[in-house]
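Engineer: For reference, this is model.cif, and it has mmCIF, C-alpha atoms.
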data_model
#
loop_
_atom_site.label_atom_id
_atom_site.label_comp_id
_atom_site.auth_asym_id
_atom_site.auth_seq_id
_atom_site.Cartn_x
_atom_site.Cartn_y
_atom_site.Cartn_z
CA MET N 6 -21.15 -53.23 -4.87
CA SER N 7 -18.86 -53.78 -7.64
CA SER N 8 -20.28 -53.76 -11.12
CA ILE N 9 -18.36 -56.92 -12.02
CA ARG N 10 -19.29 -60.50 -11.28
CA ILE N 11 -16.63 -63.13 -11.78
CA LYS N 12 -16.67 -66.90 -11.70
CA ALA N 13 -13.30 -68.61 -11.99
CA LYS N 14 -12.89 -72.35 -11.75
CA GLU N 15 -9.82 -74.48 -12.32
CA ARG N 16 -9.91 -77.68 -14.31
CA ASN N 17 -6.72 -79.56 -15.33
CA GLY N 18 -4.42 -76.58 -14.87
CA SER N 19 -6.60 -74.24 -16.84
CA VAL N 20 -8.89 -71.66 -15.27
CA ASP N 21 -12.31 -71.07 -16.82
CA VAL N 22 -13.29 -67.47 -16.26
CA LYS N 23 -16.77 -66.12 -16.81
CA THR N 24 -17.53 -62.53 -16.08
CA LEU N 25 -20.46 -60.16 -16.32
CA MET N 26 -20.02 -56.41 -16.12
CA LYS N 27 -22.92 -54.11 -15.48
CA HIS N 28 -22.78 -51.29 -18.00
CA ASN N 29 -25.26 -49.59 -20.29
CA MET N 30 -23.00 -49.76 -23.35
CA GLU N 31 -24.77 -46.88 -25.06
CA THR N 32 -24.00 -46.96 -28.79
CA GLY N 33 -24.55 -43.30 -29.58
CA LEU N 34 -27.03 -44.32 -32.29
CA ARG N 35 -30.15 -44.55 -30.16
CA LYS N 36 -32.43 -41.54 -30.08
CA LYS N 37 -34.53 -40.04 -27.33
CA LYS N 38 -38.19 -39.21 -27.91
CA ASP N 39 -37.31 -35.65 -28.93
CA GLY N 40 -34.99 -36.93 -31.66
CA SER N 41 -31.73 -36.03 -29.95
CA LYS N 42 -29.12 -38.75 -29.84
CA ILE N 43 -28.16 -40.42 -26.58
CA PRO N 44 -24.38 -39.88 -26.29
CA GLU N 45 -22.19 -42.96 -26.54
CA HIS N 46 -20.95 -44.46 -23.32
CA TRP N 47 -19.22 -47.78 -23.48
CA ILE N 48 -16.51 -49.92 -21.92
CA THR N 49 -13.36 -49.55 -23.98
CA ASP N 50 -10.93 -51.85 -22.20
CA VAL N 51 -11.04 -54.86 -19.94
CA THR N 52 -7.95 -56.29 -18.27
CA ALA N 53 -7.57 -59.47 -16.24
CA GLU N 54 -4.58 -59.91 -13.98
CA SER N 55 -3.43 -62.87 -11.95
CA GLY N 56 -0.28 -62.93 -9.83
CA GLY N 57 0.81 -59.50 -11.07
CA LYS N 58 0.65 -60.62 -14.69
CA VAL N 59 -1.89 -59.70 -17.34
CA VAL N 60 -3.54 -62.96 -18.39
CA PHE N 61 -6.17 -61.53 -20.71
CA ALA N 62 -6.99 -58.13 -22.15
CA ALA N 63 -9.71 -57.02 -24.49
CA ALA N 64 -10.81 -53.82 -26.18
CA PHE N 65 -14.52 -53.39 -26.86
CA ASN N 66 -16.47 -51.43 -29.39
CA THR N 67 -19.99 -50.10 -28.86
CA SER N 68 -21.25 -53.21 -30.63
CA ILE N 69 -20.71 -55.37 -27.55
CA SER N 70 -24.09 -56.04 -25.92
CA LYS N 71 -25.36 -54.22 -22.87
CA ASP N 72 -24.01 -55.65 -19.59
CA PRO N 73 -21.06 -57.33 -21.33
CA TYR N 74 -20.36 -61.00 -20.84
CA LEU N 75 -16.85 -62.27 -21.37
CA ALA N 76 -15.35 -65.72 -20.99
CA PHE N 77 -11.77 -66.88 -21.42
CA LYS N 78 -9.32 -69.49 -20.15
CA PHE N 79 -5.84 -69.08 -18.75
CA ALA N 80 -3.21 -71.31 -17.18
CA GLY N 81 -3.53 -71.09 -13.41
CA LYS N 82 -4.45 -73.04 -10.33
CA LYS N 83 -6.89 -73.14 -7.47
CA GLY N 84 -6.26 -70.38 -4.92
CA ASP N 85 -4.78 -67.91 -7.41
CA SER N 86 -6.16 -64.41 -7.20
CA LEU N 87 -7.74 -62.86 -10.26
CA THR N 88 -8.48 -59.17 -10.74
CA ILE N 89 -10.67 -57.91 -13.54
CA SER N 90 -10.90 -54.20 -14.31
CA TRP N 91 -12.68 -52.15 -16.92
CA ARG N 92 -12.46 -48.60 -18.14
CA ASP N 93 -15.07 -46.73 -20.19
CA ASN N 94 -14.84 -43.87 -22.68
CA LEU N 95 -15.69 -41.32 -19.99
CA GLY N 96 -12.71 -42.44 -17.93
CA LYS N 97 -14.66 -44.30 -15.26
CA THR N 98 -13.12 -47.51 -14.01
CA ASP N 99 -14.08 -50.38 -11.78
CA SER N 100 -12.42 -53.58 -10.71
CA ALA N 101 -13.18 -56.74 -8.78
CA GLU N 102 -11.05 -59.45 -7.30
CA THR N 103 -11.76 -63.11 -6.77
CA ILE N 104 -9.98 -66.31 -5.79
CA VAL N 105 -9.88 -69.17 -8.30
CA LYS N 106 -11.94 -72.12 -7.11
CA MET W 17 21.93 -20.86 -4.06
CA ASP W 18 19.43 -18.06 -4.42
CA ARG W 19 15.74 -18.23 -3.71
CA ARG W 20 14.74 -18.47 -7.35
CA SER W 21 16.64 -21.66 -8.16
CA ILE W 22 15.43 -23.36 -4.95
CA LEU W 23 11.85 -22.66 -5.98
CA LYS W 24 12.57 -24.11 -9.38
CA ILE W 25 13.95 -27.34 -7.94
CA THR W 26 11.06 -27.85 -5.52
CA GLY W 27 8.66 -27.20 -8.37
CA THR W 28 10.20 -29.91 -10.53
CA LEU W 29 10.26 -32.37 -7.65
CA SER W 30 6.60 -31.94 -6.75
CA ALA W 31 5.60 -32.24 -10.39
CA ALA W 32 7.44 -35.55 -10.58
CA ALA W 33 5.74 -36.76 -7.40
CA ALA W 34 2.32 -35.80 -8.74
CA ALA W 35 2.97 -37.71 -11.96
CA THR W 36 3.81 -40.86 -10.00
CA LEU W 37 0.66 -40.56 -7.92
CA ALA W 38 -1.59 -39.92 -10.90
CA PHE W 39 -0.37 -43.06 -12.65
CA PRO W 40 -3.22 -45.59 -12.68
CA ARG W 41 -2.86 -48.80 -10.75
CA VAL W 42 -3.99 -50.89 -13.68
CA VAL W 43 -2.25 -50.23 -16.96
CA PHE W 44 -4.60 -50.33 -19.89
CA ALA W 45 -3.33 -50.67 -23.43
CA ALA W 46 -3.82 -47.58 -25.57
CA TYR W 47 -7.28 -47.66 -27.10
CA ASN W 48 -7.13 -47.88 -30.86
CA GLN W 49 -9.84 -45.37 -31.74
CA LYS W 50 -9.02 -45.49 -35.46
CA ALA W 51 -9.58 -49.23 -35.70
CA PHE W 52 -12.82 -49.21 -33.76
CA LYS W 53 -14.47 -46.14 -35.28
CA ASN W 54 -14.05 -47.29 -38.82
CA PRO W 55 -16.84 -48.27 -41.20
CA LYS W 56 -14.62 -50.52 -43.36
CA VAL W 57 -13.44 -53.99 -42.42
CA GLU W 58 -10.20 -53.65 -44.41
CA ASP W 59 -9.28 -50.28 -42.89
CA SER W 60 -9.87 -51.54 -39.35
CA LEU W 61 -7.62 -54.50 -40.01
CA ASN W 62 -4.94 -52.17 -41.37
CA GLU W 63 -5.06 -50.03 -38.25
CA LEU W 64 -5.02 -53.04 -36.01
CA PHE W 65 -2.47 -55.35 -37.57
CA GLY W 66 -0.71 -53.11 -40.10
CA GLY W 67 -2.03 -55.14 -43.01
CA ASN W 68 -5.22 -56.81 -44.15
CA ALA W 69 -4.06 -59.80 -46.19
CA SER W 70 -5.66 -62.81 -44.55
CA THR W 71 -6.19 -66.49 -45.28
CA PRO W 72 -9.33 -68.44 -44.39
CA SER W 73 -8.45 -71.24 -42.00
CA GLY W 74 -10.32 -74.35 -40.92
CA ASP W 75 -8.48 -74.37 -37.61
CA ILE W 76 -10.51 -71.51 -36.23
CA LYS W 77 -13.77 -72.44 -34.61
CA LEU W 78 -16.37 -69.72 -34.79
CA LYS W 79 -19.55 -70.45 -32.90
CA ALA W 80 -22.47 -68.20 -33.67
CA PRO W 81 -26.18 -68.89 -34.12
CA ASP W 82 -27.56 -69.45 -37.66
CA ILE W 83 -30.50 -67.25 -36.80
CA ALA W 84 -30.32 -64.59 -34.11
CA GLU W 85 -33.80 -63.59 -33.03
CA ASN W 86 -32.60 -60.60 -31.08
CA GLY W 87 -29.79 -58.63 -32.72
CA ALA W 88 -29.01 -56.85 -29.45
CA VAL W 89 -27.61 -60.02 -27.89
CA VAL W 90 -25.87 -62.47 -30.21
CA PRO W 91 -23.64 -64.95 -28.40
CA ILE W 92 -20.36 -65.73 -30.14
CA GLU W 93 -17.40 -67.90 -29.36
CA ILE W 94 -14.03 -68.01 -31.07
CA SER W 95 -11.41 -70.64 -30.36
CA THR W 96 -8.46 -72.11 -32.19
CA SER W 97 -5.67 -74.58 -31.69
CA MET W 98 -3.16 -72.20 -33.30
CA LYS W 99 -0.76 -70.16 -31.22
CA VAL W 100 -2.15 -66.65 -31.51
CA ASP W 101 -1.48 -63.29 -29.92
CA LYS W 102 -4.66 -61.47 -30.90
CA ILE W 103 -8.25 -62.40 -31.67
CA ALA W 104 -10.58 -59.90 -33.31
CA PHE W 105 -14.22 -60.16 -34.25
CA MET W 106 -16.02 -58.29 -37.01
CA VAL W 107 -19.65 -57.86 -37.95
CA LYS W 108 -19.50 -56.83 -41.60
CA GLU W 109 -22.49 -54.53 -41.92
CA ASN W 110 -22.53 -52.86 -38.52
CA PRO W 111 -21.85 -49.10 -38.53
CA ASN W 112 -18.41 -49.96 -37.12
CA PRO W 113 -17.59 -53.60 -37.95
CA LEU W 114 -14.89 -54.27 -35.38
CA ALA W 115 -16.52 -55.46 -32.15
CA ILE W 116 -13.77 -56.81 -29.96
CA VAL W 117 -10.02 -57.29 -29.92
CA ALA W 118 -8.63 -59.69 -27.34
CA ASP W 119 -4.95 -59.93 -26.41
CA ILE W 120 -3.85 -63.47 -25.68
CA PRO W 121 -0.59 -63.57 -23.70
CA ALA W 122 1.43 -66.80 -23.46
CA GLY W 123 -0.27 -69.30 -21.17
CA THR W 124 -3.75 -68.11 -22.01
CA GLN W 125 -5.84 -70.26 -24.31
CA ALA W 126 -6.82 -68.89 -27.69
CA MET W 127 -10.47 -68.65 -26.83
CA VAL W 128 -12.93 -65.85 -26.21
CA LYS W 129 -16.64 -65.82 -25.70
CA THR W 130 -18.90 -62.78 -25.57
CA ARG W 131 -22.17 -61.27 -26.79
CA VAL W 132 -22.40 -58.71 -29.56
CA ARG W 133 -24.95 -56.46 -31.22
CA MET W 134 -25.88 -56.94 -34.87
CA GLY W 135 -27.77 -54.42 -36.97
CA LYS W 136 -28.96 -56.80 -39.67
CA THR W 137 -28.36 -60.12 -41.38
CA THR W 138 -24.71 -60.19 -42.39
CA GLN W 139 -21.46 -62.05 -42.35
CA VAL W 140 -19.47 -62.27 -39.13
CA THR W 141 -15.73 -62.89 -39.19
CA ALA W 142 -13.21 -63.98 -36.61
CA VAL W 143 -9.67 -62.78 -37.31
CA VAL W 144 -6.68 -64.17 -35.46
CA SER W 145 -3.08 -63.10 -35.79
CA SER W 146 -0.53 -65.86 -35.52
CA ASP W 147 3.19 -65.37 -36.25
CA GLY W 148 2.50 -62.07 -37.96
CA LYS W 149 -0.07 -63.58 -40.32
CA LEU W 150 -3.83 -63.19 -40.27
CA TYR W 151 -6.29 -66.06 -40.47
CA THR W 152 -10.05 -65.79 -40.67
CA ALA W 153 -13.22 -67.78 -40.27
CA SER W 154 -16.59 -66.44 -41.37
CA LYS W 155 -20.21 -67.28 -40.99
CA GLU W 156 -23.53 -65.81 -42.08
CA VAL W 157 -25.90 -64.90 -39.24
CA LYS W 158 -29.52 -64.06 -39.92
CA VAL W 159 -30.96 -61.37 -37.69
CA THR W 160 -34.69 -61.04 -37.09
CA ILE W 161 -34.69 -57.82 -35.03
CA GLY W 162 -31.68 -55.50 -35.34
CA GLY W 163 -29.85 -54.36 -32.25
CA CYS W 164 -28.11 -51.15 -33.23
CA GLY W 165 -30.32 -48.35 -32.04
CA GLY W 166 -33.26 -47.11 -34.11
#
Show me, as C-alpha cells, the structure contained in the file I just sent.

Structural biologist:
Amino acid sequence: MSSIRIKAKERNGSVDVKTLMKHNMETGLRKKKDGSKIPEHWITDVTAESGGKVVFAAAFNTSISKDPYLAFKFAGKKGDSLTISWRDNLGKTDSAETIVK
Amino acid sequence: MDRRSILKITGTLSAAAAATLAFPRVVFAAYNQKAFKNPKVEDSLNELFGGNASTPSGDIKLKAPDIAENGAVVPIEISTSMKVDKIAFMVKENPNPLAIVADIPAGTQAMVKTRVRMGKTTQVTAVVSSDGKLYTASKEVKVTIGGCGG
C-alpha cells in the first residue's frame, strides 16, 4: 500500500487537497538507550502534479512532524487526476494518484 | 572505420541511453541543504531568497495555537491574499529554524497547512516572497513539552 493518503475535493473551481504521508521523520537529534544518535531520515521534497503540471511543491526540514500532514488548494475541477510524490534524504520515493471529487 | 572507433561510438550511445532511463519520472527541485541546515534565521533567508530584508505585513494570516501542549505536533496554517511564489515557515529557536518552503505556481492559492515540531516556547514566523520582496507575519507560541528529540 502506498504510504500516502490523499483527499481532494473541488469547491467553486478550487480543489482542496489534504494529504497524509507515513514517514518516521527522524530528526537525527534523538538518542537510543546506549546514547548513540538515531540517524536522520526525513522527507525532503513533496511534489503535487495535476494534468502534467506541478501545482504545488514543498521542501521539508526535519522539523516537520512525524507522518507529515499537508494541505493546499489549487485551481482545478472534478475528475482531474492528482499525483503526489515524496522523496527522502536516503533517496527513497513514493507516489500516489487520486481523482478529484 | 576500424574496430576501435566503432566501439567508441557504441559506448557513447549506450551511455546516453542509460542517462535517459535513469532520469526520474518526477522532477524534484534541487534540495537547498544550506538553507535548511542552518541555525540562523537570517542566513537561511539569504540562502533561500538571496536577501533577508523583510517587512511585516498584516495581509498574511498565520494560524498557530497560543499554547502548544505537545511540541512534536504543532498545527500551523499560512494564507495570504497577496500574489506569492514562495511561502516559508520558521521556528526561531529550533536547531534549524526553517521548517518548510512551499512553491506556489500560478493558479494555486497562497495557502499551506501542516504540522511542525517545536523545541521550546519561541516565536514562529511565516515568510512569503511576492514580487521579489519578502513579507512576514510572526506569532509567539508557548510549548509545554518540547518535540525535538531529547

Engineer: Output the residue selection produced by the PyMOL selection byres ((chain N) within 7 of (chain W)) on the file above, formatted as a list of chain:residue names.

Structural biologist: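 Output of the PyMOL selection byres ((chain N) within 7 of (chain W)): N:Leu34, N:Arg35, N:Lys36, N:Asp50, N:Val60, N:Phe61, N:Ala62, N:Ala63, N:Ala64, N:Phe65, N:Asn66, N:Ser68, N:Ile69, N:Ser70, N:Pro73, N:Tyr74, N:Leu75, N:Ala76, N:Phe77, N:Lys78, N:Phe79, N:Ala80.
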
Engineer: Kindly export the residues of the current selection with C-alpha atoms, as a CSV table (one decimal), in the coordinates of the input.

Structural biologist:
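Listed below is the output, selection-v2.csv:
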chain,number,residue,atom,x,y,z
N,34,LEU,CA,-27.0,-44.3,-32.3
N,35,ARG,CA,-30.2,-44.6,-30.2
N,36,LYS,CA,-32.4,-41.5,-30.1
N,50,ASP,CA,-10.9,-51.8,-22.2
N,60,VAL,CA,-3.5,-63.0,-18.4
N,61,PHE,CA,-6.2,-61.5,-20.7
N,62,ALA,CA,-7.0,-58.1,-22.2
N,63,ALA,CA,-9.7,-57.0,-24.5
N,64,ALA,CA,-10.8,-53.8,-26.2
N,65,PHE,CA,-14.5,-53.4,-26.9
N,66,ASN,CA,-16.5,-51.4,-29.4
N,68,SER,CA,-21.2,-53.2,-30.6
N,69,ILE,CA,-20.7,-55.4,-27.6
N,70,SER,CA,-24.1,-56.0,-25.9
N,73,PRO,CA,-21.1,-57.3,-21.3
N,74,TYR,CA,-20.4,-61.0,-20.8
N,75,LEU,CA,-16.8,-62.3,-21.4
N,76,ALA,CA,-15.4,-65.7,-21.0
N,77,PHE,CA,-11.8,-66.9,-21.4
N,78,LYS,CA,-9.3,-69.5,-20.2
N,79,PHE,CA,-5.8,-69.1,-18.8
N,80,ALA,CA,-3.2,-71.3,-17.2

Engineer: Do you know which residues the PyMOL selection byres ((chain N and resi 84) around 6) returns on this file, as an MDAnalysis selection string?

Structural biologist: chainID N and resid 83 85 104:105

Engineer: For the atom pair CA of Ile76 (chain W) and CA of Phe105 (chain W), what is the interatomic distance in Å to one decimal place?

Structural biologist: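 Distance between the two atoms: 12.1 Å.
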
Engineer: For the atom pair CA of Ser90 (chain N) and CA of Thr32 (chain N), what is the interatomic distance in Å to one decimal place?

Structural biologist: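 Value for the CA of Ser90 (chain N)-CA of Thr32 (chain N) distance: 20.8 Å.
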
Engineer: Give me the residues within 7 Å of Thr88 (chain N) as a list in words, counting all atoms listed in the file and dropping any in the same chain fewer than 5 places off.

Structural biologist: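 The neighbour list is Ala53, Glu54, Ser55, Ser100, Ala101, Glu102 and Thr103 of chain N.
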
Engineer: Quick one: apply the PyMOL selection byres ((chain N and resi 29) around 8) to the file and drop the selected residues here as a VMD selection string.

Structural biologist: chain N and resid 27 to 28 30 to 31 46 to 47 71 to 72

Engineer: Could those selected residues go to a file with C-alpha atoms, as a compact mmCIF listing (two decimals), keeping the file's coordinate frame?

Structural biologist:
# COMPACT_ATOMS: atom_id res chain seq x y z
CA LYS N 27 -22.92 -54.11 -15.48
CA HIS N 28 -22.78 -51.29 -18.00
CA MET N 30 -23.00 -49.76 -23.35
CA GLU N 31 -24.77 -46.88 -25.06
CA HIS N 46 -20.95 -44.46 -23.32
CA TRP N 47 -19.22 -47.78 -23.48
CA LYS N 71 -25.36 -54.22 -22.87
CA ASP N 72 -24.01 -55.65 -19.59

Engineer: Could you tell me how far CA of Val143 (chain W) lies from CA of Ser70 (chain W), in Å and to one decimal?

Structural biologist: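 CA of Val143 (chain W) sits 8.3 Å away from CA of Ser70 (chain W).
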